[in-house]
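Participant: Quick one: the structure is below, and I'll ask about it shortly.
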Amino acid sequence: MKNLKLKSARAEYDMSQAELASAIGVTRQTINQIENGEYNPTIKLCIAICKVLHKTLDQLFWLEESYIQNDQQENRTSLVSRL
């Protein structure tokens, strides 16, 4: 699931993926993967991102209940289809 909250927060500071990555000591590709939902960052990395963007964990990384329910349903459907 894409992290549009992170992308939006970066845009608030007119910060590129490369600039955010440099500020926290990771690669631009890592930020890109987080934003595209291809990488699940550690809590330490989440906190570092939040500090740079002056946001809380809830503001950038908390999943809404509807997203969690949809993801659980997709996982069940995928499991059943493999049986």
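In the structure tokens, chains take letters A, B, ... by order of appearance, with residues numbered from 1 within each chain and ligands from 1 in the order shown.
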Find the residues near range 36-39 of chain A: any atom within 12 Å, counting only C-alpha atoms, skip ones fewer than 4 places away on the same chain, and give them as a VMD selection string.

Facilitator: chain A and resid 1 to 7 17 29 to 32 45 to 46 61

Participant: Near Cys50 in chain A, counting only C-alpha atoms, which residues have an atom at most 9 Å away, once you skip same-chain residues fewer than 5 positions from it, shown as a tab-separated table (two decimals) with all heavy atoms, in the first residue's frame?

Facilitator:
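Saved the output as out.tsv:
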chain	number	residue	atom	x	y	z
A	45	LEU	N	13.68	3.73	11.70
A	45	LEU	CA	13.67	4.52	10.47
A	45	LEU	C	12.41	5.40	10.42
A	45	LEU	O	12.48	6.57	10.03
A	45	LEU	CB	13.73	3.60	9.25
A	45	LEU	CG	13.72	4.27	7.88
A	45	LEU	CD1	14.78	5.36	7.75
A	45	LEU	CD2	13.90	3.21	6.79
A	55	LYS	N	6.61	15.40	12.02
A	55	LYS	CA	5.32	14.70	12.08
A	55	LYS	C	5.40	13.61	13.14
A	55	LYS	O	6.48	13.20	13.55
A	55	LYS	CB	4.98	14.04	10.73
A	55	LYS	CG	4.87	15.00	9.56
A	55	LYS	CD	3.64	15.85	9.66
A	55	LYS	CE	3.51	16.75	8.43
A	55	LYS	NZ	2.44	17.70	8.56
A	56	THR	N	4.24	13.11	13.56
A	56	THR	CA	4.20	11.99	14.49
A	56	THR	C	4.12	10.69	13.71
A	56	THR	O	3.80	10.68	12.51
A	56	THR	CB	2.98	12.09	15.42
A	56	THR	OG1	1.79	11.93	14.63
A	56	THR	CG2	2.94	13.42	16.17
A	57	LEU	N	4.37	9.59	14.40
A	57	LEU	CA	4.22	8.27	13.77
A	57	LEU	C	2.80	8.09	13.26
A	57	LEU	O	2.59	7.58	12.16
A	57	LEU	CB	4.57	7.16	14.75
A	57	LEU	CG	6.06	6.99	15.06
A	57	LEU	CD1	6.25	6.05	16.24
A	57	LEU	CD2	6.81	6.47	13.84
A	59	GLN	N	0.73	10.33	12.23
A	59	GLN	CA	0.47	11.15	11.05
A	59	GLN	C	1.04	10.54	9.77
A	59	GLN	O	0.46	10.72	8.70
A	59	GLN	CB	1.05	12.55	11.24
A	59	GLN	CG	0.29	13.37	12.26
A	59	GLN	CD	0.98	14.68	12.57
A	59	GLN	OE1	2.19	14.72	12.81
A	59	GLN	NE2	0.21	15.76	12.58
A	60	LEU	N	2.15	9.84	9.86
A	60	LEU	CA	2.79	9.31	8.65
A	60	LEU	C	2.62	7.82	8.43
A	60	LEU	O	2.61	7.36	7.29
A	60	LEU	CB	4.30	9.61	8.67
A	60	LEU	CG	4.70	11.07	8.58
A	60	LEU	CD1	6.21	11.20	8.52
A	60	LEU	CD2	4.07	11.75	7.38

Participant: Report the distance between CA of Ala11 in chain A and CA of Ala23 in chain A in Å, rounded to one decimal place.

Facilitator: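 Between CA of Ala11 in chain A and CA of Ala23 in chain A the gap works out to 15.0 Å.
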
Participant: Choose the residue, out of A:Trp62, A:Gln33, A:Thr42, A:Ser8, that has the smallest atom-to-atom separation from Ala21 in chain A; count only C-alpha atoms.

Facilitator: A:Gln33

Participant: Expressed in Å to a single decimal, how great is the separation between CA of Leu53 in chain A and CA of Thr27 in chain A?

Facilitator: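 If I compute the distance from CA of Leu53 in chain A to CA of Thr27 in chain A, I get 16.6 Å.
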
Participant: Out of A:Glu35, A:Ile43, A:Ala48, A:Ala9, which residue has the shortest atom-to-atom distance to Ser22 in chain A when counting only C-alpha atoms?

Facilitator: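 Result for the nearest residue to Ser22 in chain A: A:Ala48.
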
Participant: Provide the CA of Ile49 in chain A to CA of Leu63 in chain A distance in Å, to one decimal place.

Facilitator: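 So the two atoms, CA of Ile49 in chain A and CA of Leu63 in chain A, lie 16.5 Å apart.
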